[in-house]
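final-v3.cif (mmCIF, C-alpha atoms) appears below.
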```
data_upload
#
loop_
_atom_site.label_atom_id
_atom_site.label_comp_id
_atom_site.auth_asym_id
_atom_site.auth_seq_id
_atom_site.Cartn_x
_atom_site.Cartn_y
_atom_site.Cartn_z
CA MET A 1 35.82 -22.01 5.06
CA ASN A 2 33.88 -19.41 7.00
CA GLU A 3 31.09 -17.06 5.94
CA SER A 4 33.33 -14.09 5.24
CA GLU A 5 35.57 -16.17 2.99
CA ILE A 6 32.57 -17.40 1.00
CA LYS A 7 31.31 -13.84 0.77
CA LYS A 8 34.69 -12.63 -0.44
CA LEU A 9 34.98 -15.33 -3.11
CA ILE A 10 31.46 -14.85 -4.41
CA GLY A 11 31.73 -11.08 -4.15
CA GLU A 12 34.64 -11.18 -6.57
CA THR A 13 32.48 -12.78 -9.24
CA ALA A 14 30.36 -9.62 -9.57
CA ASP A 15 30.52 -8.64 -13.20
CA SER A 16 29.59 -5.54 -15.16
CA PRO A 17 27.57 -5.16 -18.32
CA SER A 18 29.45 -3.82 -21.34
CA PRO A 19 30.63 -0.17 -21.36
CA GLY A 20 27.90 2.31 -22.18
CA PHE A 21 25.19 0.18 -20.62
CA THR A 22 23.93 2.98 -18.37
CA ASP A 23 23.82 5.38 -21.33
CA ARG A 24 21.76 2.93 -23.35
CA VAL A 25 19.29 2.46 -20.50
CA MET A 26 19.08 6.22 -20.01
CA GLU A 27 18.38 6.77 -23.72
CA SER A 28 15.34 4.51 -23.43
CA VAL A 29 14.32 6.13 -20.16
CA GLU A 30 14.61 9.67 -21.57
CA GLU A 31 12.57 8.60 -24.58
CA ILE A 32 9.81 7.27 -22.33
CA ALA A 33 9.94 10.38 -20.18
CA SER A 34 9.70 12.72 -23.16
CA LYS A 35 6.70 10.79 -24.50
CA ARG A 36 5.07 11.10 -21.10
CA ASN A 37 5.68 14.83 -21.12
CA ARG A 38 4.31 15.26 -24.63
CA VAL A 39 1.27 13.08 -24.22
CA PRO A 40 -0.24 12.80 -20.77
CA GLU A 41 -1.15 9.22 -20.02
CA ARG A 42 -4.81 8.74 -20.75
CA ARG A 43 -7.36 6.06 -20.15
CA TRP A 44 -9.13 6.70 -23.42
CA PRO A 45 -8.76 3.45 -25.31
CA PRO A 46 -11.29 1.49 -23.22
CA ILE A 47 -13.77 4.38 -23.49
CA LEU A 48 -13.26 4.59 -27.25
CA ILE A 49 -13.67 0.85 -27.68
CA ALA A 50 -16.91 0.98 -25.66
CA ALA A 51 -18.11 3.93 -27.77
CA SER A 52 -17.34 2.04 -30.98
CA VAL A 53 -19.31 -0.99 -29.80
CA LEU A 54 -22.19 1.21 -28.68
CA LEU A 55 -22.32 3.04 -32.02
CA THR A 56 -22.25 -0.21 -33.95
CA VAL A 57 -25.09 -1.67 -31.90
CA LEU A 58 -27.06 1.55 -32.22
CA GLY A 59 -26.39 1.49 -35.97
CA LEU A 60 -27.78 -2.02 -36.21
CA PHE A 61 -30.95 -1.01 -34.40
CA VAL A 62 -31.42 2.05 -36.60
CA ARG A 63 -30.45 0.55 -39.93
CA LEU A 64 -31.59 -3.05 -40.14
CA PRO A 65 -35.31 -3.65 -40.78
CA GLU A 66 -35.46 -6.58 -38.38
CA PHE A 67 -34.25 -4.29 -35.63
CA GLU A 68 -36.61 -1.45 -36.40
CA ILE A 69 -37.49 -0.74 -32.84
CA LEU A 70 -36.65 2.93 -32.83
CA PRO A 71 -38.96 5.28 -34.79
CA VAL A 72 -36.26 6.76 -37.01
CA PRO A 73 -37.15 8.57 -40.28
CA ALA A 74 -35.74 7.02 -43.46
CA GLU A 75 -33.47 10.04 -44.24
CA VAL A 76 -31.80 9.78 -40.85
CA ARG A 77 -31.34 6.05 -41.36
CA TYR A 78 -29.43 6.59 -44.60
CA LEU A 79 -27.44 9.41 -43.10
CA PHE A 80 -26.45 7.07 -40.30
CA ILE A 81 -24.50 4.71 -42.58
CA PRO A 82 -21.66 7.14 -43.49
CA VAL A 83 -21.66 8.59 -39.96
CA ILE A 84 -21.20 5.15 -38.42
CA ALA A 85 -18.57 4.19 -40.98
CA VAL A 86 -16.52 7.35 -40.49
CA ALA A 87 -16.86 7.26 -36.69
CA SER A 88 -15.86 3.59 -36.49
CA LEU A 89 -12.86 4.13 -38.72
CA PHE A 90 -11.84 7.13 -36.62
CA PHE A 91 -12.11 5.21 -33.36
CA VAL A 92 -10.19 2.22 -34.67
CA ALA A 93 -7.45 4.49 -36.06
CA TRP A 94 -7.26 6.40 -32.77
CA ASN A 95 -6.93 3.20 -30.77
CA LEU A 96 -4.17 1.89 -33.00
CA PHE A 97 -2.38 5.23 -32.81
CA ASP A 98 -2.58 5.27 -29.03
CA ALA A 99 -1.36 1.70 -28.77
CA SER A 100 1.61 2.47 -31.01
CA ARG A 101 2.60 5.33 -28.70
CA GLY A 102 2.51 3.02 -25.71
CA VAL A 103 -0.13 4.95 -23.81
CA SER A 104 -2.57 2.10 -23.85
CA SER A 105 -3.87 1.16 -20.43
CA SER A 106 -3.04 -2.51 -20.89
CA VAL A 107 -1.68 -4.26 -17.82
CA ASN A 108 1.98 -5.21 -17.81
CA SER A 109 2.26 -8.63 -16.22
CA ASP A 110 6.04 -8.42 -15.90
CA PHE A 111 5.83 -6.36 -12.75
CA PRO A 112 6.01 -8.18 -9.47
CA ALA A 113 2.62 -8.73 -7.96
CA CYS A 114 3.99 -8.57 -4.42
CA GLY A 115 3.07 -5.76 -2.06
CA SER A 116 5.84 -3.57 -3.36
CA LEU A 117 3.75 -2.11 -6.15
CA MET B 1 23.47 17.81 -6.25
CA THR B 2 22.64 14.15 -5.98
CA GLY B 3 25.36 11.62 -5.54
CA LEU B 4 25.54 7.88 -5.34
CA ARG B 5 25.31 8.06 -1.56
CA ASP B 6 21.75 9.42 -1.54
CA SER B 7 19.18 6.88 -0.43
CA ASP B 8 17.15 5.05 -3.04
CA SER B 9 13.88 6.46 -1.71
CA GLU B 10 15.19 10.01 -1.97
CA ILE B 11 16.31 9.45 -5.56
CA ILE B 12 13.03 7.74 -6.44
CA GLY B 13 11.11 10.67 -4.97
CA ARG B 14 13.00 13.13 -7.14
CA ILE B 15 12.63 10.98 -10.26
CA ARG B 16 8.89 10.97 -9.67
CA GLU B 17 8.99 14.74 -9.49
CA GLY B 18 10.51 14.82 -12.95
CA GLU B 19 14.27 14.55 -12.46
CA THR B 20 14.49 11.61 -14.83
CA ALA B 21 18.27 11.82 -15.20
CA LEU B 22 18.67 10.64 -11.60
CA PHE B 23 17.57 7.19 -12.68
CA SER B 24 21.15 6.70 -13.89
CA HIS B 25 22.25 6.62 -10.23
CA LEU B 26 19.97 3.66 -9.60
CA VAL B 27 21.26 1.94 -12.75
CA GLU B 28 24.87 2.48 -11.64
CA ARG B 29 24.09 1.26 -8.16
CA TYR B 30 22.35 -1.97 -9.11
CA LYS B 31 23.60 -2.94 -12.56
CA ASP B 32 26.54 -5.13 -11.50
CA VAL B 33 24.71 -7.34 -9.03
CA SER B 34 21.63 -7.52 -11.30
CA TYR B 35 23.85 -8.46 -14.21
CA SER B 36 25.56 -11.17 -12.19
CA LEU B 37 22.17 -12.57 -11.17
CA ALA B 38 20.94 -12.55 -14.76
CA CYS B 39 24.16 -14.22 -15.97
CA SER B 40 23.78 -16.80 -13.23
CA LEU B 41 20.29 -17.71 -14.42
CA LEU B 42 20.65 -17.34 -18.18
CA ARG B 43 24.32 -18.35 -18.44
CA ASN B 44 24.76 -16.12 -21.46
CA ASP B 45 26.28 -12.64 -21.29
CA HIS B 46 24.41 -11.15 -24.22
CA ASP B 47 20.99 -12.43 -23.19
CA ALA B 48 21.67 -11.26 -19.63
CA GLU B 49 22.57 -7.75 -20.76
CA ASP B 50 19.53 -7.44 -23.04
CA LEU B 51 17.27 -8.67 -20.28
CA LEU B 52 18.83 -6.35 -17.75
CA GLN B 53 18.32 -3.33 -19.99
CA ASP B 54 14.71 -4.34 -20.45
CA SER B 55 14.33 -4.81 -16.68
CA PHE B 56 15.63 -1.32 -15.91
CA VAL B 57 13.24 0.18 -18.47
CA LYS B 58 10.36 -1.78 -16.91
CA ALA B 59 11.41 -0.58 -13.47
CA PHE B 60 11.38 3.01 -14.71
CA ARG B 61 7.94 2.58 -16.25
CA GLY B 62 6.62 1.07 -13.01
CA LEU B 63 8.36 3.48 -10.65
CA SER B 64 5.22 5.54 -10.12
CA ARG B 65 3.48 2.43 -8.80
CA PHE B 66 6.36 1.28 -6.59
CA ARG B 67 5.10 1.76 -3.04
CA GLN B 68 8.45 1.15 -1.33
CA ASP B 69 7.06 -1.56 0.97
CA SER B 70 10.31 -3.33 0.20
CA SER B 71 13.62 -1.91 -0.96
CA PHE B 72 14.16 -0.87 -4.55
CA GLY B 73 16.83 -3.58 -4.80
CA VAL B 74 14.42 -6.37 -3.85
CA TRP B 75 11.85 -5.02 -6.29
CA LEU B 76 14.37 -4.71 -9.13
CA TYR B 77 15.90 -8.14 -8.51
CA ARG B 78 12.43 -9.61 -8.64
CA ILE B 79 11.80 -7.95 -12.00
CA VAL B 80 15.13 -9.38 -13.21
CA TYR B 81 14.32 -12.81 -11.75
CA ASN B 82 10.84 -12.87 -13.34
CA GLY B 83 12.32 -11.72 -16.65
CA CYS B 84 14.90 -14.51 -16.55
CA MET B 85 12.29 -17.11 -15.70
CA ASN B 86 10.04 -15.93 -18.56
CA HIS B 87 13.03 -15.92 -20.92
CA ILE B 88 13.98 -19.47 -19.94
CA LYS B 89 10.38 -20.64 -20.33
CA SER B 90 9.96 -19.07 -23.74
CA LYS B 91 13.37 -19.56 -25.31
CA GLY B 92 15.30 -21.91 -23.09
CA ARG B 93 18.88 -21.26 -22.25
CA SER B 94 21.25 -20.27 -24.98
CA ALA B 95 23.68 -22.91 -26.18
CA ALA B 96 26.54 -20.73 -25.05
CA THR B 97 27.18 -21.43 -21.40
CA GLY B 98 29.54 -19.82 -18.96
CA ARG B 99 31.31 -16.55 -19.25
CA GLN B 100 33.52 -15.63 -22.10
CA GLU B 101 36.94 -15.54 -20.53
CA ASP B 102 38.34 -13.02 -22.97
CA ASP B 103 35.51 -10.66 -22.17
CA HIS B 104 36.30 -7.12 -21.09
CA SER B 105 34.98 -7.88 -17.62
CA LEU B 106 37.84 -10.20 -16.77
CA LEU B 107 40.25 -7.38 -17.32
CA ASN B 108 38.59 -5.25 -14.66
CA GLY B 109 40.68 -5.98 -11.60
CA PRO B 110 40.69 -3.89 -8.45
CA ALA B 111 41.83 -0.39 -9.33
CA ASP B 112 44.31 -0.13 -6.48
CA GLY B 113 45.81 -3.60 -6.85
CA THR B 114 49.21 -4.52 -8.18
CA PRO B 115 49.37 -6.33 -11.54
CA LEU B 116 50.12 -9.59 -9.74
CA SER B 117 47.20 -9.32 -7.33
CA GLU B 118 44.93 -8.31 -10.18
CA MET B 119 46.00 -11.38 -12.09
CA LEU B 120 45.43 -13.61 -9.08
CA VAL B 121 41.99 -12.13 -8.47
CA SER B 122 41.09 -12.55 -12.14
CA GLU B 123 42.25 -16.13 -12.12
CA ARG B 124 40.40 -16.89 -8.91
CA ARG B 125 37.30 -15.22 -10.27
CA VAL B 126 37.32 -17.42 -13.35
CA ILE B 127 37.66 -20.50 -11.15
CA ILE B 128 34.90 -19.44 -8.74
CA ASP B 129 32.69 -18.54 -11.69
CA GLY B 130 33.32 -21.99 -13.05
CA ILE B 131 32.44 -23.54 -9.70
CA LEU B 132 29.20 -21.54 -9.50
CA GLY B 133 28.47 -22.48 -13.11
CA SER B 134 28.88 -26.15 -12.28
CA MET B 135 26.42 -25.93 -9.39
CA LYS B 136 22.68 -26.34 -9.70
CA GLU B 137 21.17 -23.14 -11.05
CA GLN B 138 19.01 -22.66 -7.96
CA GLU B 139 21.95 -23.13 -5.58
CA ALA B 140 24.16 -20.68 -7.47
CA LEU B 141 21.30 -18.18 -7.47
CA MET B 142 20.86 -18.55 -3.70
CA LEU B 143 24.56 -17.91 -3.10
CA ARG B 144 24.59 -14.86 -5.34
CA LEU B 145 21.45 -13.41 -3.78
CA TYR B 146 22.72 -13.99 -0.25
CA TYR B 147 26.41 -13.13 -0.55
CA LEU B 148 26.59 -10.88 -3.58
CA ALA B 149 23.28 -9.00 -3.45
CA GLU B 150 23.36 -9.20 0.38
CA MET B 151 19.70 -10.16 0.59
CA ASN B 152 18.38 -11.83 3.72
CA VAL B 153 16.22 -14.97 3.72
CA SER B 154 12.99 -12.99 3.80
CA GLU B 155 14.07 -10.83 0.86
CA ILE B 156 15.16 -13.90 -1.13
CA ARG B 157 11.73 -15.36 -0.43
CA GLU B 158 10.14 -12.19 -1.80
CA ILE B 159 12.31 -12.24 -4.93
CA THR B 160 11.99 -15.92 -5.80
CA GLY B 161 8.55 -16.67 -4.40
CA PHE B 162 9.93 -19.71 -2.53
CA SER B 163 8.90 -20.42 1.05
CA VAL B 164 11.24 -19.37 3.87
CA ALA B 165 11.95 -23.03 4.65
CA LYS B 166 12.82 -23.76 1.04
CA VAL B 167 15.14 -20.76 0.88
CA LYS B 168 16.92 -21.83 4.08
CA ILE B 169 17.36 -25.42 2.89
CA ALA B 170 18.51 -24.36 -0.58
CA LEU B 171 20.94 -21.88 0.92
CA HIS B 172 22.36 -24.47 3.31
CA ARG B 173 22.83 -27.01 0.52
CA ALA B 174 24.34 -24.39 -1.76
CA ARG B 175 26.83 -23.35 0.90
CA GLU B 176 27.88 -26.93 1.56
CA SER B 177 28.18 -27.71 -2.12
CA PHE B 178 30.22 -24.55 -2.75
CA ARG B 179 32.58 -25.31 0.17
CA ALA B 180 33.11 -28.86 -1.07
CA LYS B 181 33.85 -27.74 -4.62
CA VAL B 182 36.27 -25.02 -3.50
CA MET B 183 38.07 -27.44 -1.20
CA LYS B 184 38.27 -29.99 -3.98
CA ARG B 185 39.71 -27.40 -6.36
CA TYR B 186 42.16 -25.77 -3.97
CA GLY B 187 42.60 -28.37 -1.26
CA SER B 188 41.98 -25.58 1.27
CA VAL B 189 40.76 -22.01 1.35
CA PRO B 190 42.50 -20.16 -1.52
CA HIS B 191 45.65 -18.91 0.22
CA TYR B 192 45.63 -15.53 -1.43
CA ILE B 193 42.29 -14.37 -0.04
CA GLU B 194 43.15 -10.97 1.39
#
```
As structure tokens, how would this structure be written, given the file I've shared?
Amino acid sequence: MNESEIKKLIGETADSPSPGFTDRVMESVEEIASKRNRVPERRWPPILIAASVLLTVLGLFVRLPEFEILPVPAEVRYLFIPVIAVASLFFVAWNLFDASRGVSSSVNSDFPACGSL
Amino acid sequence: MTGLRDSDSEIIGRIREGETALFSHLVERYKDVSYSLACSLLRNDHDAEDLLQDSFVKAFRGLSRFRQDSSFGVWLYRIVYNGCMNHIKSKGRSAATGRQEDDHSLLNGPADGTPLSEMLVSERRVIIDGILGSMKEQEALMLRLYYLAEMNVSEIREITGFSVAKVKIALHRARESFRAKVMKRYGSVPHYIE
């Protein structure tokens, strides 16, 4: 049996996915494309996470007596509690919202790591 | 107008510029071979189709980062191959093995063939599928990549991550094993190969 005969036999085993496969793929693709058009891909989540951490640390320094390094008046200290709480909640909610829309900057390990990307 | 004859790189360029609908040309062009590869590895039609759909969506998402150092086919087959390997690692193979012979796909004979030749091709296809299914998974994959996807040794190396030597040896063994099984089944080359 020569090469062309093997090729012919194996070539005949090519199969097709079920009817409508291309349409189903294209539905997903169009959905992704429309999301991209609506919301430009951003790199905000890491910045927001860093800002949340920074605010929390700053809050600790301002609020807790054992961290009273900064000369902050008492009124500002008390004002800081609701500000920190609201800001943290906002940042967490924003991050979750972004992640749910798939615009998070997380790395997708499914892509080949060869030089083709 | 863009037809199926346009080169992959041309289509990819236009998709990147926003003509998303052109991605369907790439799906049409590569779905059959990719599906056969996925079936060969997963040995389950439904799992293979789900994985293939997922692979095409991943390819679309990653298209902006595809640098075209290799062909789109090699890149896509590698996504499919990685997906299959991850699927096997996480879930194992499905209990259902082999193709379902009453599946729609077996009814798809060559459009210009007579009913008799279509029947013969369908019958032969079931037998060859069975032979490939009885071979070691790696050997069947090598044969499909080389003869069906028409990849060369270097491209198979890129897809599977094997060394060139390993690809050559596996391909040689696969070819010999396939020949032996076909000869055993038919006694000679199937006489109705056109």
With a cut-off of 9 Å, could you pull out the residues of chain A touching chain B and give me the nearest pair of atoms for each, distance in Å to one decimal, using all atoms listed in the file, ordered by chain and ascending number, as a Markdown table?
```
| residue | atom | partner | partner_atom | distance |
| --- | --- | --- | --- | --- |
| A:Met1 | CA | B:Val189 | CA | 6.2 |
| A:Glu3 | CA | B:Tyr147 | CA | 8.9 |
| A:Glu5 | CA | B:Ile193 | CA | 7.6 |
| A:Ile6 | CA | B:Tyr147 | CA | 7.7 |
| A:Lys7 | CA | B:Tyr147 | CA | 5.1 |
| A:Lys8 | CA | B:Ile193 | CA | 7.8 |
| A:Leu9 | CA | B:Ile128 | CA | 7.0 |
| A:Ile10 | CA | B:Leu148 | CA | 6.3 |
| A:Gly11 | CA | B:Leu148 | CA | 5.2 |
| A:Glu12 | CA | B:Arg125 | CA | 6.1 |
| A:Thr13 | CA | B:Arg125 | CA | 5.5 |
| A:Ala14 | CA | B:Ser36 | CA | 5.7 |
| A:Asp15 | CA | B:Asp32 | CA | 5.6 |
| A:Ser16 | CA | B:Asp32 | CA | 4.8 |
| A:Pro17 | CA | B:Glu49 | CA | 6.1 |
| A:Ser18 | CA | B:His104 | CA | 7.6 |
| A:Pro19 | CA | B:His104 | CA | 9.0 |
| A:Phe21 | CA | B:Gln53 | CA | 7.7 |
| A:Thr22 | CA | B:Val27 | CA | 6.3 |
| A:Asp23 | CA | B:Ser24 | CA | 8.0 |
| A:Arg24 | CA | B:Gln53 | CA | 7.9 |
| A:Val25 | CA | B:Gln53 | CA | 5.9 |
| A:Met26 | CA | B:Ser24 | CA | 6.5 |
| A:Ser28 | CA | B:Val57 | CA | 6.9 |
| A:Val29 | CA | B:Val57 | CA | 6.3 |
| A:Glu30 | CA | B:Thr20 | CA | 7.0 |
| A:Ile32 | CA | B:Arg61 | CA | 7.9 |
| A:Ala33 | CA | B:Thr20 | CA | 7.1 |
| A:Asp110 | CA | B:Ile79 | CA | 7.0 |
| A:Phe111 | CA | B:Ile79 | CA | 6.2 |
| A:Pro112 | CA | B:Ile79 | CA | 6.3 |
| A:Cys114 | CA | B:Glu158 | CA | 7.6 |
| A:Gly115 | CA | B:Asp69 | CA | 6.5 |
| A:Ser116 | CA | B:Asp69 | CA | 4.9 |
| A:Leu117 | CA | B:Phe66 | CA | 4.3 |
```
- Residue contacts of Ala174 in chain B (9 Å, only C-alpha atoms) excluding same-chain residues fewer than 6 positions away, as an NGL selection string: :B and (135-136 or 138-143)
- Query: CA of Ser134 in chain B and CA of Asn152 in chain B, how far apart in Å?
  - Reply: 23.9 Å
For the point (-11.8, 0.0, -27.2) in file coordinates, what residues are within 10 Å, counting all atoms listed in the file? Give the answer as a PDB file with C-alpha atoms, in the frame of the given file?
```pdb
ATOM      1  CA  TRP A  44      -9.130   6.700 -23.420  1.00  0.00           C
ATOM      2  CA  PRO A  45      -8.760   3.450 -25.310  1.00  0.00           C
ATOM      3  CA  PRO A  46     -11.290   1.490 -23.220  1.00  0.00           C
ATOM      4  CA  ILE A  47     -13.770   4.380 -23.490  1.00  0.00           C
ATOM      5  CA  LEU A  48     -13.260   4.590 -27.250  1.00  0.00           C
ATOM      6  CA  ILE A  49     -13.670   0.850 -27.680  1.00  0.00           C
ATOM      7  CA  ALA A  50     -16.910   0.980 -25.660  1.00  0.00           C
ATOM      8  CA  ALA A  51     -18.110   3.930 -27.770  1.00  0.00           C
ATOM      9  CA  SER A  52     -17.340   2.040 -30.980  1.00  0.00           C
ATOM     10  CA  VAL A  53     -19.310  -0.990 -29.800  1.00  0.00           C
ATOM     11  CA  PHE A  91     -12.110   5.210 -33.360  1.00  0.00           C
ATOM     12  CA  VAL A  92     -10.190   2.220 -34.670  1.00  0.00           C
ATOM     13  CA  TRP A  94      -7.260   6.400 -32.770  1.00  0.00           C
ATOM     14  CA  ASN A  95      -6.930   3.200 -30.770  1.00  0.00           C
ATOM     15  CA  LEU A  96      -4.170   1.890 -33.000  1.00  0.00           C
TER      16      LEU A  96
END
```
- Query: CA of Arg173 in chain B and CA of Ser154 in chain B, how far apart in Å?
  - Reply: 17.4 Å
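Distance-wise, CA of Ser9 in chain B and CA of Glu31 in chain A end up 23.0 Å apart.
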- Surrounding residues of Ala85 in chain A excluding itself and chain neighbours under 3 positions, 10 Å, only C-alpha atoms, as a VMD selection string: chain A and resid 55 to 56 59 80 to 82 88 to 90
Hey, could you patch up range 130-160 of chain B with N, CA and C atoms and hand it over as a JSON list (two decimals), in the frame of the given file?
```json
[["chain", "number", "residue", "atom", "x", "y", "z"],
["B", 130, "GLY", "N", 33.47, -20.63, -12.53],
["B", 130, "GLY", "CA", 33.32, -21.99, -13.05],
["B", 130, "GLY", "C", 32.64, -22.89, -12.03],
["B", 131, "ILE", "N", 33.05, -22.73, -10.76],
["B", 131, "ILE", "CA", 32.44, -23.54, -9.70],
["B", 131, "ILE", "C", 30.95, -23.22, -9.59],
["B", 132, "LEU", "N", 30.61, -21.93, -9.58],
["B", 132, "LEU", "CA", 29.20, -21.54, -9.50],
["B", 132, "LEU", "C", 28.43, -22.05, -10.72],
["B", 133, "GLY", "N", 29.11, -22.01, -11.88],
["B", 133, "GLY", "CA", 28.47, -22.48, -13.11],
["B", 133, "GLY", "C", 28.22, -23.98, -13.09],
["B", 134, "SER", "N", 29.06, -24.70, -12.33],
["B", 134, "SER", "CA", 28.88, -26.15, -12.28],
["B", 134, "SER", "C", 27.84, -26.57, -11.24],
["B", 135, "MET", "N", 27.43, -25.60, -10.41],
["B", 135, "MET", "CA", 26.42, -25.93, -9.39],
["B", 135, "MET", "C", 25.03, -25.88, -9.99],
["B", 136, "LYS", "N", 24.07, -26.42, -9.24],
["B", 136, "LYS", "CA", 22.68, -26.34, -9.70],
["B", 136, "LYS", "C", 22.31, -24.86, -9.78],
["B", 137, "GLU", "N", 21.54, -24.55, -10.80],
["B", 137, "GLU", "CA", 21.17, -23.14, -11.05],
["B", 137, "GLU", "C", 20.56, -22.48, -9.81],
["B", 138, "GLN", "N", 19.69, -23.23, -9.12],
["B", 138, "GLN", "CA", 19.01, -22.66, -7.96],
["B", 138, "GLN", "C", 19.99, -22.40, -6.81],
["B", 139, "GLU", "N", 20.97, -23.30, -6.65],
["B", 139, "GLU", "CA", 21.95, -23.13, -5.58],
["B", 139, "GLU", "C", 22.86, -21.93, -5.85],
["B", 140, "ALA", "N", 23.30, -21.82, -7.11],
["B", 140, "ALA", "CA", 24.16, -20.68, -7.47],
["B", 140, "ALA", "C", 23.41, -19.37, -7.28],
["B", 141, "LEU", "N", 22.12, -19.39, -7.64],
["B", 141, "LEU", "CA", 21.30, -18.18, -7.47],
["B", 141, "LEU", "C", 21.20, -17.80, -5.99],
["B", 142, "MET", "N", 20.97, -18.81, -5.14],
["B", 142, "MET", "CA", 20.86, -18.55, -3.70],
["B", 142, "MET", "C", 22.14, -17.89, -3.17],
["B", 143, "LEU", "N", 23.29, -18.46, -3.58],
["B", 143, "LEU", "CA", 24.56, -17.91, -3.10],
["B", 143, "LEU", "C", 24.75, -16.47, -3.57],
["B", 144, "ARG", "N", 24.40, -16.22, -4.82],
["B", 144, "ARG", "CA", 24.59, -14.86, -5.34],
["B", 144, "ARG", "C", 23.64, -13.88, -4.67],
["B", 145, "LEU", "N", 22.40, -14.32, -4.44],
["B", 145, "LEU", "CA", 21.45, -13.41, -3.78],
["B", 145, "LEU", "C", 21.89, -13.12, -2.35],
["B", 146, "TYR", "N", 22.38, -14.15, -1.66],
["B", 146, "TYR", "CA", 22.72, -13.99, -0.25],
["B", 146, "TYR", "C", 24.05, -13.27, -0.04],
["B", 147, "TYR", "N", 25.07, -13.68, -0.79],
["B", 147, "TYR", "CA", 26.41, -13.13, -0.55],
["B", 147, "TYR", "C", 26.75, -11.94, -1.45],
["B", 148, "LEU", "N", 26.23, -11.95, -2.66],
["B", 148, "LEU", "CA", 26.59, -10.88, -3.58],
["B", 148, "LEU", "C", 25.59, -9.72, -3.47],
["B", 149, "ALA", "N", 24.30, -10.06, -3.54],
["B", 149, "ALA", "CA", 23.28, -9.00, -3.45],
["B", 149, "ALA", "C", 22.99, -8.64, -2.00],
["B", 150, "GLU", "N", 23.53, -9.44, -1.06],
["B", 150, "GLU", "CA", 23.36, -9.20, 0.38],
["B", 150, "GLU", "C", 21.89, -9.13, 0.78],
["B", 151, "MET", "N", 21.11, -10.05, 0.22],
["B", 151, "MET", "CA", 19.70, -10.16, 0.59],
["B", 151, "MET", "C", 19.57, -11.13, 1.76],
["B", 152, "ASN", "N", 18.62, -10.87, 2.65],
["B", 152, "ASN", "CA", 18.38, -11.83, 3.72],
["B", 152, "ASN", "C", 17.35, -12.87, 3.25],
["B", 153, "VAL", "N", 17.10, -13.85, 4.11],
["B", 153, "VAL", "CA", 16.22, -14.97, 3.72],
["B", 153, "VAL", "C", 14.84, -14.46, 3.30],
["B", 154, "SER", "N", 14.33, -13.51, 4.09],
["B", 154, "SER", "CA", 12.99, -12.99, 3.80],
["B", 154, "SER", "C", 12.95, -12.27, 2.44],
["B", 155, "GLU", "N", 14.02, -11.54, 2.15],
["B", 155, "GLU", "CA", 14.07, -10.83, 0.86],
["B", 155, "GLU", "C", 14.23, -11.81, -0.30],
["B", 156, "ILE", "N", 15.02, -12.87, -0.08],
["B", 156, "ILE", "CA", 15.16, -13.90, -1.13],
["B", 156, "ILE", "C", 13.81, -14.56, -1.37],
["B", 157, "ARG", "N", 13.07, -14.78, -0.30],
["B", 157, "ARG", "CA", 11.73, -15.36, -0.43],
["B", 157, "ARG", "C", 10.86, -14.45, -1.30],
["B", 158, "GLU", "N", 10.95, -13.15, -1.05],
["B", 158, "GLU", "CA", 10.14, -12.19, -1.80],
["B", 158, "GLU", "C", 10.53, -12.16, -3.29],
["B", 159, "ILE", "N", 11.83, -12.29, -3.55],
["B", 159, "ILE", "CA", 12.31, -12.24, -4.93],
["B", 159, "ILE", "C", 11.93, -13.51, -5.70],
["B", 160, "THR", "N", 12.18, -14.66, -5.07],
["B", 160, "THR", "CA", 11.99, -15.92, -5.80],
["B", 160, "THR", "C", 10.59, -16.50, -5.67]]
```
